[in-house]
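Step one of this worksheet: look at the structure below.
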Amino acid sequence: MKNLRALQGILQDSSFPSFLMLVLLVFVNAIIQPGFFSFQVFRMNFMTFTPLILVSLAQATVILVGAVDLSLGAGISLVTVVMASLMKDSVFSIITVTLIGFCLALFLSLFNGFFFGYFGPPSLIMTFATSTIWFGISLLIMPTPGGYIPAAYYGIYSKTVAGFLPVPVIVLFVAVGFCLLLGRLKAFRHLYAVGGSERAARASGINVTATKIFGFLVSGVFVALAALCVVGQTATGDARSGQGFTLNSVAAAVIGGFAFSGGKGNYAGAIIGGIILGLLTNIIYFANITSFYQEFMKGVIIIVALLFGALPRLRRELSRR
Amino acid sequence: MSNANFTLRAGEVCGLVGANGSGKTTFARIVSGLLMPDGGELRLYDQPVNLRSHLDAELYRLAMVHQNLSLVPEMTIWENIVLGREQTGPFAFLDNRAAIIQAEGALDIISAKIPVRERAKNISPDEKQLVEIGKALAKDPRILILDEPTASLDFHQVESLFRAIRRLKEKGVSIIFISHRLWEVAKICDRLVAFRNGETVGELDFTSQPRDAKLIIPLITGQEVREKIKKRSNVRELEITNQAARGPALEMRGVSLEGKLHQVSFTLRRGEILGLGGLQGQGQEEILMILAGYLKGYTGEVLVKGRPLSLRNTRRAIREGIALIPGDRHKEGLFLEHTVLSNLLYPKIAMHQGSILLPTARYQQLAEEAVEAVSLIPPNPRLIVSQLSGGNQQKVVVGKWLALSPDVLLLNDPTKGVDVGTRQNLYTIISQLAEKGTSVVLYASDNEELIDNCDRVLIVFERRIVKEIGADDLNEEKLVVSSLNIEHSSEKSAGIHEGNGT
């Protein structure tokens, strides 16, 4: 009986359709990418998946509280640019600049959070504006990609610990641990309340402004982790390195079962959504599709993934007729 | 609000009544710390206090039951009940087990059987109301404010709520009971205070005065009780018969809908006001929804003006002259951020055919006529709907269908949360329409409205029509008894098609 209820819970979970999609994509990917299950490919895949998953988690948190953050990508770019222009070879420099990068990412998110929380502009336009500001600052600091990242830093990102744990995967574990911790906090529960119904949250005595800022702060932690990974992956500062992340992360969160209106979804879905988008790029690449069609195919598959997510709702509505 | 006085004695149930916009909700918001008064004094437990927020009010153990707005749909019942006051264990982690126990305990006080693990969006409106009450009780309040707690409850649930209120009163909790249902106020309250235009205009003490709703009405409206406008049934019968030559307006023949309706048949005559009675949720709303084209997949036949018809969608129904005035005006009836004018004209514009350009001047005039017909206050079609009081918003919903001059008007509990004055106004409009030949199907959760306005009432019980009551037999007792379907079917009245009786 209890097992049955647990099973029902899984089937009705908002991230379940995306999980089905994931299984399907892993299957397809395994067929067309040689050595998909080999350790090397696994490691390489996660080097690119990890930042995307982290950004998806960041976006998902913001969407949860009923907003959207279009400045995530530009924020990541700004962090890479700042880090690449400051970092020197010494251990001390590497550690302090990493911390600076981390705090900068947090600050950028908090900036958005404060504005959104206190003045309540539409987050779409608000973060679009900040994204161009971040981009402008990045270009001022570094008009063309460059800077210097010591091998000691980016070397770590491609390392494997204890022979079977690639560093990107460890970073993911840290992020998952953070998610689990969050899930047990009062403030996190309030994210769902504020996103689900701001009026109800207010009537329940929740500090709505603080909750919104908290959402952006949590998002900032994920963005910071993602930015550090991107620096490790690309080993340069580039004002455009984060561009692709913004809308991909929105797609990942929505595919993963997050309601765009807020208050619905769970982190497992965001992680799955992130992996789905990573696998998509892989599949398109290995399926030998001409590069002209790659973006086209990607769009088509994202729409299919969205339909997947809409299936339970459609079924419910049809049965009601 | 100006110059309002209110005293709540310890351990009493005090009613607060008044028309829509008389300041009841403003009062509740001030007392619960959501609004700051400009002047005057607020004393709690004989101490002057200054409530700056909701949280301050909670410190004084004052809890308010909101009119169905403090539940987050995507969260579970227990999450909702403890929302904002979650208990935490070690490391500031949430203590979910304690929360579930607390939630179940709170619902137990009002003996509400609701699965606490269900999401709030999946439960019915009356269950939501009970959860709202449970949520307030979970705060263990000494003062409890109930703002229209019975609006979506049926009379069984009202009874069990009243039992809970009496139990709380015994425990020394003081209760402010805000309601439009005067007989309920008369029944449960020890005393009542009436507001009009933001002022205290009167008090009634039920320990020295009879518990009679009629005493309350003059306090609210400032006028003596208006005599019932209902005509004698034989006069109405004549009026309806005069229309009979034009054939029935609408007919349902053996309509069934999986799990919702079973073999429902009835005929709606022209110019008739037909009531749907019975307990809540027995299938009355489904009948209206099918007729309005919202529900599909039913079996059986629906005839409009004698012609069989498949009501594929709402648009089709509107074209056939069937208009639904929904119960939840915020959800289906109105565009709150648009002007009265636009709201009044949307259905008209949607149905427009012929010229490419819309006849704006004529529409303008139609809107002004509608505003006058429903006596909107203030009579300005340029206002934004959300700025109007609840009763006037409801008038706009009615007005927009009047512009279409429908043949059949479906009313789904139209006076929920509407004050006495507006209610009388609404039913005056409806009876005028009926005189002109519009047929009306009225579902009301308040039996009194059915008695006062209908020519005939069909009682729906467990998905079927089990009884028909004619105007001469309409009374409260008859309706309640039939609603429970405890009578024998031998009394089955004539006029119901076969296949309906039990």
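Identifiers in this document derive from the order of the structure tokens: chains are assigned A, B, ..., residues are numbered from 1 separately in each chain, and ligands are numbered from 1 in order of occurrence.
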Interface list for chain B, partner chain A, 7 Å threshold, only C-alpha atoms, as a list of chain:residue names:
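In the required form, that comes to B:His54, B:Leu55, B:Leu69, B:Ser70, B:Leu71, B:Val72, B:Pro73, B:Glu74, B:Leu83, B:Gly84, B:Glu86, B:Ala92, B:Phe93, B:Leu94, B:Leu295, B:Lys296, B:Gly297.
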As a ChimeraX atom specification, please: the residues near Gly257 in chain A (cut-off 10 Å, only C-alpha atoms, same-chain neighbours under 4 positions excluded).
/A:13-19,60,252-253,264-270,272-273,306,308-310
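Residues of range 279-407 of chain B that DSSP, applied to the backbone, places in strand (DSSP E or B): Thr299, Gly300, Glu301, Val302, Leu303, Val304, Arg307, Pro308, Leu309, Ile322, Ala323, Leu324, Ile325, Thr339 and Ile384 of chain B.
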Store the residues picked out above in a file with C-alpha atoms, as a JSON list (two decimals), in the first residue's frame.
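After the write, again03.json holds the following:
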[["chain", "number", "residue", "atom", "x", "y", "z"],
["B", 299, "THR", "CA", -25.09, 11.47, -23.56],
["B", 300, "GLY", "CA", -28.73, 12.32, -24.14],
["B", 301, "GLU", "CA", -30.29, 15.26, -25.88],
["B", 302, "VAL", "CA", -30.43, 18.98, -25.34],
["B", 303, "LEU", "CA", -33.12, 20.83, -27.26],
["B", 304, "VAL", "CA", -33.06, 24.58, -27.72],
["B", 307, "ARG", "CA", -34.39, 21.85, -32.07],
["B", 308, "PRO", "CA", -31.82, 19.25, -31.01],
["B", 309, "LEU", "CA", -28.46, 20.80, -30.54],
["B", 322, "ILE", "CA", -27.88, 31.05, -23.57],
["B", 323, "ALA", "CA", -25.89, 33.11, -21.09],
["B", 324, "LEU", "CA", -24.24, 31.89, -17.90],
["B", 325, "ILE", "CA", -23.65, 34.18, -14.96],
["B", 339, "THR", "CA", -13.18, 49.21, -17.66],
["B", 384, "ILE", "CA", -11.90, 50.02, -13.82]]
May I have the residues within 12 Å of Ile149 in chain A as a VMD selection string, using only C-alpha atoms and disregarding those fewer than 3 positions away in the same chain?
chain A and resid 80 to 90 93 to 94 97 to 98 146 152 to 156 228 230 to 238
Find the residues around Pro414 in chain B up to 10 Å (only C-alpha atoms counted), leave out those fewer than 6 positions away in its own chain, and share them as a list in words.
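Residues near the query, excluding close chain neighbours: Ile325, Pro326, Gly327, Asp328, Arg329, Gln394, Lys395, Val397, Val398, Arg423, Leu426, Tyr427, Leu442, Tyr443, Ala444 and Ser445 of chain B.
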What are the nearest atom pairs, with distances in Å to one decimal, for all residues of range 259-309 of chain A that come at most 7 Å from range 20-27 of chain A, using only C-alpha atoms, set out by chain and rising residue number as CSV?
residue,atom,partner,partner_atom,distance
A:Ile272,CA,A:Leu22,CA,6.8
A:Ile276,CA,A:Leu22,CA,5.8
A:Leu279,CA,A:Leu25,CA,6.8
A:Ala305,CA,A:Met21,CA,6.9
Can you list, as a PDB file with N, CA and C atoms, in the first residue's frame, every protein, DNA or RNA residue that comes within 8 Å of range 243-258 of chain B when you count only C-alpha atoms, leaving out same-chain residues fewer than 5 positions away?
ATOM      1  N   GLN B 263     -29.282  10.552 -16.221  1.00  0.00           N
ATOM      2  CA  GLN B 263     -30.624  10.622 -16.811  1.00  0.00           C
ATOM      3  C   GLN B 263     -31.404  11.850 -16.366  1.00  0.00           C
ATOM      4  N   VAL B 264     -30.858  13.005 -16.645  1.00  0.00           N
ATOM      5  CA  VAL B 264     -31.527  14.238 -16.247  1.00  0.00           C
ATOM      6  C   VAL B 264     -32.434  14.724 -17.377  1.00  0.00           C
ATOM      7  N   SER B 265     -33.705  14.916 -17.069  1.00  0.00           N
ATOM      8  CA  SER B 265     -34.641  15.440 -18.062  1.00  0.00           C
ATOM      9  C   SER B 265     -35.473  16.534 -17.436  1.00  0.00           C
ATOM     10  N   PHE B 266     -35.634  17.619 -18.126  1.00  0.00           N
ATOM     11  CA  PHE B 266     -36.592  18.633 -17.699  1.00  0.00           C
ATOM     12  C   PHE B 266     -36.861  19.584 -18.854  1.00  0.00           C
ATOM     13  N   THR B 267     -37.932  20.314 -18.730  1.00  0.00           N
ATOM     14  CA  THR B 267     -38.291  21.283 -19.754  1.00  0.00           C
ATOM     15  C   THR B 267     -38.335  22.663 -19.118  1.00  0.00           C
ATOM     16  N   LEU B 268     -37.708  23.596 -19.780  1.00  0.00           N
ATOM     17  CA  LEU B 268     -37.736  24.971 -19.299  1.00  0.00           C
ATOM     18  C   LEU B 268     -38.693  25.745 -20.189  1.00  0.00           C
ATOM     19  N   ARG B 269     -39.773  26.281 -19.573  1.00  0.00           N
ATOM     20  CA  ARG B 269     -40.736  27.020 -20.370  1.00  0.00           C
ATOM     21  C   ARG B 269     -40.277  28.463 -20.554  1.00  0.00           C
ATOM     22  N   ARG B 270     -40.835  29.110 -21.542  1.00  0.00           N
ATOM     23  CA  ARG B 270     -40.459  30.505 -21.771  1.00  0.00           C
ATOM     24  C   ARG B 270     -40.960  31.387 -20.644  1.00  0.00           C
ATOM     25  N   GLY B 271     -40.113  32.294 -20.224  1.00  0.00           N
ATOM     26  CA  GLY B 271     -40.509  33.238 -19.193  1.00  0.00           C
ATOM     27  C   GLY B 271     -40.568  32.637 -17.809  1.00  0.00           C
ATOM     28  N   GLY B 297     -19.030  15.667 -23.755  1.00  0.00           N
ATOM     29  CA  GLY B 297     -18.967  14.236 -23.511  1.00  0.00           C
ATOM     30  C   GLY B 297     -20.175  13.690 -22.774  1.00  0.00           C
ATOM     31  N   TYR B 298     -21.314  14.389 -22.818  1.00  0.00           N
ATOM     32  CA  TYR B 298     -22.511  13.856 -22.179  1.00  0.00           C
ATOM     33  C   TYR B 298     -23.319  13.067 -23.192  1.00  0.00           C
ATOM     34  N   THR B 299     -24.173  12.195 -22.675  1.00  0.00           N
ATOM     35  CA  THR B 299     -25.087  11.474 -23.559  1.00  0.00           C
ATOM     36  C   THR B 299     -26.487  12.029 -23.321  1.00  0.00           C
ATOM     37  N   GLY B 300     -27.385  11.770 -24.257  1.00  0.00           N
ATOM     38  CA  GLY B 300     -28.729  12.324 -24.144  1.00  0.00           C
ATOM     39  C   GLY B 300     -28.857  13.534 -25.045  1.00  0.00           C
ATOM     40  N   GLU B 301     -29.995  14.204 -24.927  1.00  0.00           N
ATOM     41  CA  GLU B 301     -30.293  15.260 -25.878  1.00  0.00           C
ATOM     42  C   GLU B 301     -30.549  16.590 -25.191  1.00  0.00           C
ATOM     43  N   VAL B 302     -30.072  17.641 -25.810  1.00  0.00           N
ATOM     44  CA  VAL B 302     -30.431  18.983 -25.344  1.00  0.00           C
ATOM     45  C   VAL B 302     -31.162  19.677 -26.489  1.00  0.00           C
ATOM     46  N   LEU B 303     -32.355  20.151 -26.217  1.00  0.00           N
ATOM     47  CA  LEU B 303     -33.118  20.830 -27.257  1.00  0.00           C
ATOM     48  C   LEU B 303     -33.225  22.311 -26.927  1.00  0.00           C
ATOM     49  N   VAL B 304     -32.887  23.147 -27.902  1.00  0.00           N
ATOM     50  CA  VAL B 304     -33.059  24.583 -27.716  1.00  0.00           C
ATOM     51  C   VAL B 304     -34.139  25.046 -28.679  1.00  0.00           C
ATOM     52  N   LYS B 305     -35.120  25.689 -28.149  1.00  0.00           N
ATOM     53  CA  LYS B 305     -36.288  26.111 -28.922  1.00  0.00           C
ATOM     54  C   LYS B 305     -36.814  24.967 -29.786  1.00  0.00           C
ATOM     55  N   GLY B 306     -36.811  23.765 -29.204  1.00  0.00           N
ATOM     56  CA  GLY B 306     -37.386  22.622 -29.886  1.00  0.00           C
ATOM     57  C   GLY B 306     -36.473  21.923 -30.866  1.00  0.00           C
ATOM     58  N   ASP B 407     -32.054  34.590 -24.402  1.00  0.00           N
ATOM     59  CA  ASP B 407     -33.341  33.912 -24.241  1.00  0.00           C
ATOM     60  C   ASP B 407     -33.361  33.113 -22.956  1.00  0.00           C
ATOM     61  N   VAL B 408     -32.167  32.556 -22.636  1.00  0.00           N
ATOM     62  CA  VAL B 408     -32.063  31.730 -21.437  1.00  0.00           C
ATOM     63  C   VAL B 408     -30.915  32.269 -20.596  1.00  0.00           C
ATOM     64  N   GLY B 437     -40.195  37.421 -21.055  1.00  0.00           N
ATOM     65  CA  GLY B 437     -40.082  36.176 -21.803  1.00  0.00           C
ATOM     66  C   GLY B 437     -38.743  35.480 -21.723  1.00  0.00           C
ATOM     67  N   SER B 439     -36.163  33.046 -20.143  1.00  0.00           N
ATOM     68  CA  SER B 439     -36.246  31.927 -19.209  1.00  0.00           C
ATOM     69  C   SER B 439     -35.006  31.918 -18.338  1.00  0.00           C
ATOM     70  N   GLY B 499     -37.806   8.186 -15.678  1.00  0.00           N
ATOM     71  CA  GLY B 499     -36.383   7.903 -15.516  1.00  0.00           C
ATOM     72  C   GLY B 499     -35.707   8.812 -14.512  1.00  0.00           C
TER      73      GLY B 499
END
Could you give me, as a PyMOL selection string, the residues within 10 Å of range 212-216 of chain B, counting only C-alpha atoms and dropping anything in the same chain fewer than 2 positions from it?
chain B and resi 17-18+181-187+192-194+202-204+206+209-210+218-222+224-225
Filtered DSSP result for range 193-386 of chain B, state helix (DSSP H, G or I), as an NGL selection string
:B and (213-215 or 217-221 or 233-246 or 284-291 or 314-319 or 329-333 or 340-350 or 360-373 or 385-386)
If you keep C-alpha atoms, can you produce a file of those selected residues as a PDB file, in the first residue's frame?
ATOM      1  CA  ALA B 213     -33.159  37.993  10.821  1.00  0.00           C
ATOM      2  CA  LYS B 214     -35.905  40.516  10.028  1.00  0.00           C
ATOM      3  CA  LEU B 215     -34.673  42.760  12.830  1.00  0.00           C
ATOM      4  CA  ILE B 217     -32.241  44.087   7.693  1.00  0.00           C
ATOM      5  CA  PRO B 218     -33.309  47.652   8.640  1.00  0.00           C
ATOM      6  CA  LEU B 219     -29.962  48.106  10.380  1.00  0.00           C
ATOM      7  CA  ILE B 220     -28.120  47.254   7.193  1.00  0.00           C
ATOM      8  CA  THR B 221     -30.198  49.004   4.571  1.00  0.00           C
ATOM      9  CA  SER B 233     -48.159  31.898  -8.403  1.00  0.00           C
ATOM     10  CA  ASN B 234     -51.358  31.929 -10.452  1.00  0.00           C
ATOM     11  CA  VAL B 235     -50.408  35.316 -11.918  1.00  0.00           C
ATOM     12  CA  ARG B 236     -47.001  33.959 -12.881  1.00  0.00           C
ATOM     13  CA  GLU B 237     -48.588  30.821 -14.257  1.00  0.00           C
ATOM     14  CA  LEU B 238     -50.755  32.932 -16.523  1.00  0.00           C
ATOM     15  CA  GLU B 239     -47.771  34.918 -17.743  1.00  0.00           C
ATOM     16  CA  ILE B 240     -45.871  31.755 -18.526  1.00  0.00           C
ATOM     17  CA  THR B 241     -48.830  30.170 -20.245  1.00  0.00           C
ATOM     18  CA  ASN B 242     -49.134  33.213 -22.483  1.00  0.00           C
ATOM     19  CA  GLN B 243     -45.640  32.494 -23.725  1.00  0.00           C
ATOM     20  CA  ALA B 244     -46.319  28.796 -24.191  1.00  0.00           C
ATOM     21  CA  ALA B 245     -47.393  29.164 -27.808  1.00  0.00           C
ATOM     22  CA  ARG B 246     -43.795  29.938 -28.690  1.00  0.00           C
ATOM     23  CA  GLN B 284     -26.615  21.309 -10.271  1.00  0.00           C
ATOM     24  CA  GLU B 285     -23.539  23.096 -11.515  1.00  0.00           C
ATOM     25  CA  GLU B 286     -22.897  20.392 -14.095  1.00  0.00           C
ATOM     26  CA  ILE B 287     -26.386  20.923 -15.532  1.00  0.00           C
ATOM     27  CA  LEU B 288     -25.640  24.627 -15.937  1.00  0.00           C
ATOM     28  CA  MET B 289     -22.193  23.937 -17.345  1.00  0.00           C
ATOM     29  CA  ILE B 290     -23.584  21.588 -19.995  1.00  0.00           C
ATOM     30  CA  LEU B 291     -26.197  24.125 -21.030  1.00  0.00           C
ATOM     31  CA  THR B 314     -19.482  28.316 -25.081  1.00  0.00           C
ATOM     32  CA  ARG B 315     -19.534  30.377 -28.248  1.00  0.00           C
ATOM     33  CA  ARG B 316     -22.214  28.176 -29.736  1.00  0.00           C
ATOM     34  CA  ALA B 317     -24.277  28.397 -26.564  1.00  0.00           C
ATOM     35  CA  ILE B 318     -24.071  32.189 -26.549  1.00  0.00           C
ATOM     36  CA  ARG B 319     -25.186  32.277 -30.186  1.00  0.00           C
ATOM     37  CA  ARG B 329     -17.164  36.219 -10.787  1.00  0.00           C
ATOM     38  CA  HIS B 330     -13.437  36.795 -10.470  1.00  0.00           C
ATOM     39  CA  LYS B 331     -12.543  33.662 -12.316  1.00  0.00           C
ATOM     40  CA  GLU B 332     -14.948  33.510 -15.194  1.00  0.00           C
ATOM     41  CA  GLY B 333     -17.075  36.598 -15.194  1.00  0.00           C
ATOM     42  CA  VAL B 340     -16.818  48.545 -16.999  1.00  0.00           C
ATOM     43  CA  LEU B 341     -17.463  49.540 -20.597  1.00  0.00           C
ATOM     44  CA  SER B 342     -15.142  46.922 -22.094  1.00  0.00           C
ATOM     45  CA  ASN B 343     -16.462  44.262 -19.764  1.00  0.00           C
ATOM     46  CA  LEU B 344     -20.030  45.006 -20.710  1.00  0.00           C
ATOM     47  CA  LEU B 345     -19.228  44.783 -24.395  1.00  0.00           C
ATOM     48  CA  TYR B 346     -16.912  41.778 -24.736  1.00  0.00           C
ATOM     49  CA  PRO B 347     -19.662  39.236 -25.423  1.00  0.00           C
ATOM     50  CA  LYS B 348     -21.334  41.644 -27.801  1.00  0.00           C
ATOM     51  CA  ILE B 349     -18.109  42.250 -29.706  1.00  0.00           C
ATOM     52  CA  ALA B 350     -17.298  38.532 -29.770  1.00  0.00           C
ATOM     53  CA  THR B 360     -18.873  51.995 -31.515  1.00  0.00           C
ATOM     54  CA  ALA B 361     -21.480  54.648 -30.885  1.00  0.00           C
ATOM     55  CA  ARG B 362     -24.256  52.104 -30.572  1.00  0.00           C
ATOM     56  CA  TYR B 363     -22.123  50.000 -28.228  1.00  0.00           C
ATOM     57  CA  GLN B 364     -21.458  53.025 -26.085  1.00  0.00           C
ATOM     58  CA  GLN B 365     -25.170  53.559 -25.773  1.00  0.00           C
ATOM     59  CA  LEU B 366     -25.837  49.895 -25.020  1.00  0.00           C
ATOM     60  CA  ALA B 367     -23.276  50.015 -22.227  1.00  0.00           C
ATOM     61  CA  GLU B 368     -24.880  53.081 -20.718  1.00  0.00           C
ATOM     62  CA  GLU B 369     -28.263  51.412 -20.851  1.00  0.00           C
ATOM     63  CA  ALA B 370     -26.871  48.344 -19.137  1.00  0.00           C
ATOM     64  CA  VAL B 371     -25.246  50.468 -16.429  1.00  0.00           C
ATOM     65  CA  GLU B 372     -28.591  52.052 -15.796  1.00  0.00           C
ATOM     66  CA  ALA B 373     -30.510  48.789 -15.921  1.00  0.00           C
ATOM     67  CA  VAL B 385     -13.834  47.024 -12.531  1.00  0.00           C
ATOM     68  CA  SER B 386     -11.389  46.179  -9.749  1.00  0.00           C
TER      69      SER B 386
END
In Å, with one decimal, what is the gap from CA of Ser77 in chain A to CA of Pro143 in chain A?
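Those two atoms sit 12.1 Å apart.
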Test item: residues at most 12 Å from Asn5 in chain B, only C-alpha atoms, excluding those fewer than 4 positions along its chain, as a list in words:
Met1, Leu16, Gly23, Lys24, Phe27, Gly40, Glu41, Leu42, Arg43, Val193, Ala194, Phe195, Arg196, Gly198, Glu199, Thr200, Val201, Gly202 and Glu203 of chain B
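Nearest residue to Ala28 in chain B among B:Ala138, B:Val440, B:Val82, B:Ile175 is B:Ile175, counting only C-alpha atoms.
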